[in-house]
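Here the structure comes first, spelled out in structure tokens, and everything after it is commentary.
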Amino acid sequence: MAITTTKSAFWKGFRDSAPFLFMASPFGFLFGVLAAEAGLIVPEAFAFSLTVFAGAAQFTALQLMQENAPLIIILISALAVNLRMAMYSASLTPYLGDAPMWQRAIAAYFIVDQSYALSVVQFEQEPEMPLAHRVAYFFGTNGLITPAWVIATALGALVGTRIPESWGVDFVLPLAFLAMIGPMLRTPAHVAACFVAVAASLPAAALPYNLGLIVAGIAGMIAGAQAELWLERQNIKTEGTK
Amino acid sequence: MSGTPSPILWIVILGLALGSYALRFAFIGFMGGKPIAPWLMRHLRYTAVAIIPALVAPLVVWPAPTGGDPSAMHFAAAAATFAVGYLTRNVLLGLGTGGLSLLLLYLAA
């Protein structure tokens, strides 16, 4: 169905995002439960999800706070997980960059994995879409996800305060991270980044102040970037010989 | 409150909120239509897929519930979670499998 009005563009984004609800709600709920287990009260968990609004970074901060990592390491690590948002911001700029500043300022808050992925696909498929429709579509993709994430966190935190500590949920957070990694490994370069980061993280765990995480993370990042370059060169070579 | 002291927690929340917003606003707000340098883009693509495995690997090898002693049970649950997440590309199926296998191993032990 072609988009005809700004309103219908918003609702198309809204509908397209519906399947992601089944992802965002359970993970928001899990964050709430684990935050409560870590000692956060409901308003704290709620404020966390509302202001930061980035699942993987929130889980990272939660884990490092439980390890009593230094403040600066917590902030650097969680923000490093969120560096991809800058990449999303950059790739959305050709499509939304001409919108008024106030709209871009609000849109920036809503840049998450789901809204980015849906919007870029939509904008590429319909290059003739007017700017107002693009903006409406982008906001539409957040119409369900954002409230779901925040409300699910609050509900999770409410439930989490009732779970006795003897249940030993402290291995659930590592499992949540592991479940996130699989779908991230889209290309051989992603696999290289992941493999090098894991290999470096084990010896680097001996470093003080949780610095090992930063060292291993940087090693993985460089490995991914280098693998990507290498793969590109291989592609050029094979195409050259054709 | 048992865990993190409140002031630290609020500094983390505020720091992450402002930092994440700055990252999101960086290009769409400031840079206008200017493209991001390819070498920078290339590194940004791999930050999450490097940091998260680096965070989780030590937690699997030296799991907290055993006090840091390597445990076949926890390793098996971790491997199942990753494998199902990777093969199905579905985060929730992976997490469900891992949680279930951990429960089964726990009951069997």
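Simple scheme: letters A, B, ... for chains in structure tokens order, numbers from 1 for residues in each chain, numbers from 1 for ligands in the order shown.
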
Would you kindly report the residues of chain A within 6 Å of chain B, using only C-alpha atoms, as a PDB file with C-alpha atoms, in the first residue's frame?
ATOM      1  CA  ALA A  38      20.662  -5.747  41.678  1.00  0.00           C
ATOM      2  CA  GLY A  39      18.964  -3.542  44.274  1.00  0.00           C
ATOM      3  CA  PHE A  48      16.949   4.133  33.615  1.00  0.00           C
ATOM      4  CA  THR A  51      16.237   8.222  29.825  1.00  0.00           C
ATOM      5  CA  VAL A  52      18.838   5.825  28.433  1.00  0.00           C
ATOM      6  CA  VAL A  81      28.016  -0.544  23.318  1.00  0.00           C
ATOM      7  CA  ARG A  84      26.458   2.093  16.970  1.00  0.00           C
ATOM      8  CA  MET A  85      23.783   4.744  17.609  1.00  0.00           C
ATOM      9  CA  ALA A  86      26.157   7.321  16.140  1.00  0.00           C
ATOM     10  CA  SER A  89      22.409   8.724  13.304  1.00  0.00           C
ATOM     11  CA  ALA A  90      24.821   9.113  10.401  1.00  0.00           C
ATOM     12  CA  THR A  93      20.922  11.909   8.155  1.00  0.00           C
ATOM     13  CA  GLY A  97      18.715  15.694   7.979  1.00  0.00           C
ATOM     14  CA  ALA A 108      17.610  11.630  18.028  1.00  0.00           C
ATOM     15  CA  TYR A 109      16.191  10.299  21.302  1.00  0.00           C
ATOM     16  CA  PRO A 174      25.178 -13.520  30.887  1.00  0.00           C
ATOM     17  CA  ALA A 176      20.740 -12.588  27.923  1.00  0.00           C
ATOM     18  CA  LEU A 178      24.745 -14.561  24.783  1.00  0.00           C
ATOM     19  CA  ALA A 179      21.306 -14.633  23.187  1.00  0.00           C
ATOM     20  CA  MET A 180      21.939 -11.134  21.804  1.00  0.00           C
ATOM     21  CA  GLY A 182      24.068 -14.802  17.856  1.00  0.00           C
ATOM     22  CA  PRO A 183      21.846 -12.584  15.695  1.00  0.00           C
ATOM     23  CA  ALA A 193      35.321  -9.081  15.882  1.00  0.00           C
ATOM     24  CA  CYS A 194      33.465 -11.365  18.292  1.00  0.00           C
ATOM     25  CA  ALA A 197      37.141  -9.915  21.621  1.00  0.00           C
ATOM     26  CA  VAL A 198      36.442 -13.222  23.389  1.00  0.00           C
ATOM     27  CA  SER A 201      38.896 -10.869  27.189  1.00  0.00           C
ATOM     28  CA  LEU A 202      40.027 -13.979  29.073  1.00  0.00           C
ATOM     29  CA  LEU A 213      36.765  -5.176  28.893  1.00  0.00           C
ATOM     30  CA  ALA A 216      39.318  -6.642  24.556  1.00  0.00           C
ATOM     31  CA  GLY A 217      36.545  -4.482  23.100  1.00  0.00           C
ATOM     32  CA  GLY A 220      37.593  -6.867  18.674  1.00  0.00           C
ATOM     33  CA  MET A 221      36.593  -3.598  17.023  1.00  0.00           C
ATOM     34  CA  GLY A 224      36.189  -6.432  12.712  1.00  0.00           C
ATOM     35  CA  ALA A 225      37.243  -3.339  10.762  1.00  0.00           C
TER      36      ALA A 225
END

Practice problem: Would you kindly return, as a PyMOL selection string, each protein, DNA or RNA residue with an atom no farther than 6 Å from any atom of stretch 57-59 of chain A, considering only C-alpha atoms and excluding same-chain residues fewer than 2 positions away? | Solution: chain A and resi 54-55+61-62+78+81

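One distance worth recording is that between atom CA of A:Arg233 and atom CA of A:Leu92, which is 27.2 Å.
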
Quiz item: Nearest to A:Leu144 among A:Asn82, A:Ser17, A:Gln125, A:Gln234, with distances taken over only C-alpha atoms: which residue is it?
Solution: A:Ser17

Could you list, as a compact mmCIF listing (two decimals) with C-alpha atoms, in the first residue's frame, every residue within 7 Å of A:Tyr209, counting only C-alpha atoms and ignoring same-chain residues fewer than 2 positions away?
# COMPACT_ATOMS: atom_id res chain seq x y z
CA ALA A 69 33.55 -1.65 38.53
CA PRO A 70 34.83 1.96 38.69
CA LEU A 207 43.80 -6.37 34.41
CA LEU A 211 40.04 -2.45 32.11

Counting only C-alpha atoms, give me one row per residue of stretch 29-71 of chain A with an atom at most 7 Å from an atom of stretch 157-164 of chain A, showing the shortest contact pair and its distance in Å to one decimal, sorted by chain then residue number, as a tab-separated table.
residue	atom	partner	partner_atom	distance
A:Gly32	CA	A:Ala157	CA	4.0
A:Val33	CA	A:Gly160	CA	4.0
A:Leu34	CA	A:Gly160	CA	6.7
A:Ala35	CA	A:Ala157	CA	6.6
A:Ala36	CA	A:Gly160	CA	5.1
A:Glu37	CA	A:Gly160	CA	6.0
A:Val42	CA	A:Ala157	CA	5.4
A:Ala45	CA	A:Ala157	CA	6.7

Just C-alpha atoms for this one: save the residues we selected as a short mmCIF file (atom, residue, chain, number, x, y, z; two decimals), in the first residue's frame.
data_model
loop_
_atom_site.label_atom_id
_atom_site.label_comp_id
_atom_site.auth_asym_id
_atom_site.auth_seq_id
_atom_site.Cartn_x
_atom_site.Cartn_y
_atom_site.Cartn_z
CA GLY A 32 13.40 -4.65 35.23
CA VAL A 33 13.67 -8.00 37.03
CA LEU A 34 17.47 -8.00 36.98
CA ALA A 35 17.64 -4.34 37.98
CA ALA A 36 15.44 -5.12 40.99
CA GLU A 37 17.66 -8.09 41.83
CA VAL A 42 11.08 0.62 40.67
CA ALA A 45 14.69 1.10 36.91
#
